[in-house]
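Novice: So that we are looking at the same thing, I have put the structure below in structure tokens.
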Amino acid sequence: MSRRALLLALTLDALGEPPARWHPVVWMGSYLNAARGRWQATTPHAQLLEGAWAGRAGPRWPR
């Protein structure tokens with residue numbers, strides 16, 4: 001890890017948690033909740049693959 005990355009991480013950590021409106025984890029949860037309505041897999045294995053793909057695809061998910 002570079003020194004700059006470490007300093008940035010420590011600075012952001014010192015600022016505390018951002019409000020939910022600006023939190024990236026909240027954004028991802030909202031995205032996955034919306035994407036879940038489009039999922040079609042029925043077997044556990046296919047559901048795992050579809051969820052993993054959706055998590056990896058992020059905002060590039062087809063609309």
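Labels for the structure tokens follow display order: chains A, B, ..., residues from 1 in each chain, ligands from 1.
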If you count only C-alpha atoms, which residues fall within 9 Å of segment 18-33 of chain A, apart from same-chain ones fewer than 2 positions away, as an MDAnalysis selection string?
Specialist: chainID A and resid 15:16 35:37 51 54:55 58:59
Novice: Output C-alpha atoms for every residue in that selection, as a compact mmCIF listing (two decimals), in the first residue's frame.
Specialist:
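To be explicit, this is the file written out as result29.txt:
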```
# COMPACT_ATOMS: atom_id res chain seq x y z
CA LEU A 15 -13.75 11.97 9.65
CA GLY A 16 -16.16 9.21 10.66
CA ALA A 35 -31.58 -5.54 -9.34
CA ARG A 36 -33.08 -8.41 -7.36
CA GLY A 37 -36.40 -7.83 -9.14
CA GLY A 51 -25.78 -12.50 -7.55
CA ALA A 54 -24.68 -8.46 -10.36
CA GLY A 55 -22.29 -7.47 -7.58
CA GLY A 58 -22.48 -2.85 -10.33
CA PRO A 59 -24.09 0.08 -12.11
```
Novice: Taking the DSSP secondary structure from the backbone, can you list the residues of chain A that are alpha helix (DSSP H), as a PyMOL selection string?
Specialist: chain A and resi 3-15+24-36+44-57
Novice: Just N, CA, C and O atoms for this one: save the residues we selected as a compact mmCIF listing (two decimals), in the first residue's frame.
Specialist:
```
# COMPACT_ATOMS: atom_id res chain seq x y z
N ARG A 3 1.97 5.16 0.60
CA ARG A 3 1.81 6.08 1.73
C ARG A 3 0.61 7.00 1.51
O ARG A 3 -0.12 7.31 2.45
N ARG A 4 0.41 7.43 0.28
CA ARG A 4 -0.73 8.31 -0.01
C ARG A 4 -2.05 7.61 0.28
O ARG A 4 -2.97 8.20 0.84
N ALA A 5 -2.14 6.36 -0.15
CA ALA A 5 -3.37 5.61 0.08
C ALA A 5 -3.61 5.42 1.57
O ALA A 5 -4.74 5.53 2.06
N LEU A 6 -2.55 5.13 2.30
CA LEU A 6 -2.67 4.96 3.75
C LEU A 6 -3.10 6.26 4.42
O LEU A 6 -3.99 6.27 5.28
N LEU A 7 -2.49 7.37 4.03
CA LEU A 7 -2.87 8.67 4.60
C LEU A 7 -4.31 9.02 4.27
O LEU A 7 -5.05 9.54 5.12
N LEU A 8 -4.73 8.74 3.05
CA LEU A 8 -6.11 9.01 2.67
C LEU A 8 -7.07 8.15 3.49
O LEU A 8 -8.07 8.65 4.00
N ALA A 9 -6.74 6.88 3.65
CA ALA A 9 -7.60 5.99 4.44
C ALA A 9 -7.69 6.44 5.89
O ALA A 9 -8.77 6.46 6.48
N LEU A 10 -6.58 6.84 6.47
CA LEU A 10 -6.59 7.31 7.86
C LEU A 10 -7.36 8.61 8.00
O LEU A 10 -8.09 8.81 8.98
N THR A 11 -7.23 9.49 7.02
CA THR A 11 -7.96 10.76 7.06
C THR A 11 -9.46 10.52 6.97
O THR A 11 -10.24 11.09 7.74
N LEU A 12 -9.87 9.68 6.02
CA LEU A 12 -11.29 9.38 5.88
C LEU A 12 -11.84 8.69 7.13
O LEU A 12 -12.97 8.95 7.55
N ASP A 13 -11.04 7.82 7.71
CA ASP A 13 -11.46 7.13 8.93
C ASP A 13 -11.63 8.11 10.09
O ASP A 13 -12.55 7.99 10.89
N ALA A 14 -10.76 9.10 10.16
CA ALA A 14 -10.83 10.10 11.24
C ALA A 14 -12.07 10.98 11.10
O ALA A 14 -12.60 11.49 12.09
N LEU A 15 -12.56 11.15 9.87
CA LEU A 15 -13.75 11.97 9.65
C LEU A 15 -15.03 11.27 10.10
O LEU A 15 -16.05 11.92 10.29
N PRO A 24 -21.20 4.64 0.24
CA PRO A 24 -21.14 3.71 -0.89
C PRO A 24 -21.79 2.36 -0.60
O PRO A 24 -22.35 1.73 -1.50
N VAL A 25 -21.74 1.90 0.64
CA VAL A 25 -22.36 0.61 0.98
C VAL A 25 -23.89 0.72 0.86
O VAL A 25 -24.54 -0.21 0.39
N VAL A 26 -24.44 1.85 1.23
CA VAL A 26 -25.88 2.07 1.08
C VAL A 26 -26.23 2.10 -0.41
O VAL A 26 -27.25 1.53 -0.83
N TRP A 27 -25.40 2.73 -1.22
CA TRP A 27 -25.65 2.76 -2.66
C TRP A 27 -25.68 1.34 -3.23
O TRP A 27 -26.55 1.00 -4.02
N MET A 28 -24.70 0.52 -2.84
CA MET A 28 -24.64 -0.85 -3.36
C MET A 28 -25.85 -1.65 -2.91
O MET A 28 -26.42 -2.42 -3.68
N GLY A 29 -26.26 -1.47 -1.65
CA GLY A 29 -27.45 -2.17 -1.16
C GLY A 29 -28.70 -1.77 -1.92
O GLY A 29 -29.54 -2.61 -2.26
N SER A 30 -28.83 -0.49 -2.20
CA SER A 30 -29.99 -0.01 -2.97
C SER A 30 -29.97 -0.57 -4.39
O SER A 30 -31.00 -0.98 -4.92
N TYR A 31 -28.80 -0.60 -4.98
CA TYR A 31 -28.65 -1.16 -6.33
C TYR A 31 -29.03 -2.63 -6.35
O TYR A 31 -29.81 -3.08 -7.20
N LEU A 32 -28.49 -3.41 -5.41
CA LEU A 32 -28.78 -4.85 -5.39
C LEU A 32 -30.25 -5.11 -5.10
O LEU A 32 -30.84 -6.05 -5.65
N ASN A 33 -30.85 -4.30 -4.25
CA ASN A 33 -32.28 -4.45 -3.97
C ASN A 33 -33.10 -4.22 -5.23
O ASN A 33 -34.06 -4.95 -5.51
N ALA A 34 -32.75 -3.21 -6.01
CA ALA A 34 -33.45 -2.94 -7.26
C ALA A 34 -33.17 -4.03 -8.30
O ALA A 34 -34.08 -4.45 -9.03
N ALA A 35 -31.95 -4.51 -8.36
CA ALA A 35 -31.58 -5.54 -9.34
C ALA A 35 -32.23 -6.87 -9.03
O ALA A 35 -32.52 -7.66 -9.94
N ARG A 36 -32.50 -7.13 -7.78
CA ARG A 36 -33.08 -8.41 -7.36
C ARG A 36 -34.40 -8.68 -8.09
O ARG A 36 -34.73 -9.83 -8.37
N PRO A 44 -29.99 -22.91 -6.55
CA PRO A 44 -29.05 -22.19 -5.68
C PRO A 44 -27.74 -21.82 -6.38
O PRO A 44 -27.22 -20.73 -6.20
N HIS A 45 -27.21 -22.73 -7.20
CA HIS A 45 -25.95 -22.46 -7.90
C HIS A 45 -26.13 -21.29 -8.88
O HIS A 45 -25.29 -20.38 -8.93
N ALA A 46 -27.21 -21.31 -9.64
CA ALA A 46 -27.46 -20.24 -10.60
C ALA A 46 -27.72 -18.92 -9.88
O ALA A 46 -27.29 -17.86 -10.34
N GLN A 47 -28.39 -18.97 -8.73
CA GLN A 47 -28.64 -17.76 -7.95
C GLN A 47 -27.32 -17.17 -7.45
O GLN A 47 -27.14 -15.94 -7.45
N LEU A 48 -26.41 -18.03 -7.01
CA LEU A 48 -25.10 -17.57 -6.56
C LEU A 48 -24.35 -16.88 -7.70
O LEU A 48 -23.80 -15.79 -7.52
N LEU A 49 -24.35 -17.51 -8.86
CA LEU A 49 -23.65 -16.92 -10.01
C LEU A 49 -24.30 -15.60 -10.44
O LEU A 49 -23.60 -14.63 -10.73
N GLU A 50 -25.61 -15.56 -10.45
CA GLU A 50 -26.30 -14.34 -10.85
C GLU A 50 -26.04 -13.21 -9.86
O GLU A 50 -25.78 -12.08 -10.24
N GLY A 51 -26.07 -13.51 -8.56
CA GLY A 51 -25.78 -12.50 -7.55
C GLY A 51 -24.35 -12.02 -7.62
O GLY A 51 -24.07 -10.83 -7.48
N ALA A 52 -23.42 -12.95 -7.84
CA ALA A 52 -22.01 -12.57 -7.96
C ALA A 52 -21.80 -11.69 -9.18
O ALA A 52 -21.06 -10.70 -9.13
N TRP A 53 -22.46 -12.03 -10.28
CA TRP A 53 -22.32 -11.23 -11.49
C TRP A 53 -22.90 -9.83 -11.26
O TRP A 53 -22.31 -8.84 -11.68
N ALA A 54 -24.05 -9.76 -10.61
CA ALA A 54 -24.68 -8.46 -10.36
C ALA A 54 -23.80 -7.61 -9.46
O ALA A 54 -23.66 -6.40 -9.67
N GLY A 55 -23.19 -8.22 -8.45
CA GLY A 55 -22.29 -7.47 -7.58
C GLY A 55 -21.07 -6.97 -8.30
O GLY A 55 -20.58 -5.87 -8.06
N ARG A 56 -20.58 -7.76 -9.22
CA ARG A 56 -19.41 -7.37 -10.00
C ARG A 56 -19.76 -6.33 -11.05
O ARG A 56 -19.02 -5.39 -11.31
N ALA A 57 -20.94 -6.48 -11.64
CA ALA A 57 -21.36 -5.57 -12.71
C ALA A 57 -21.65 -4.18 -12.16
O ALA A 57 -21.42 -3.19 -12.84
```
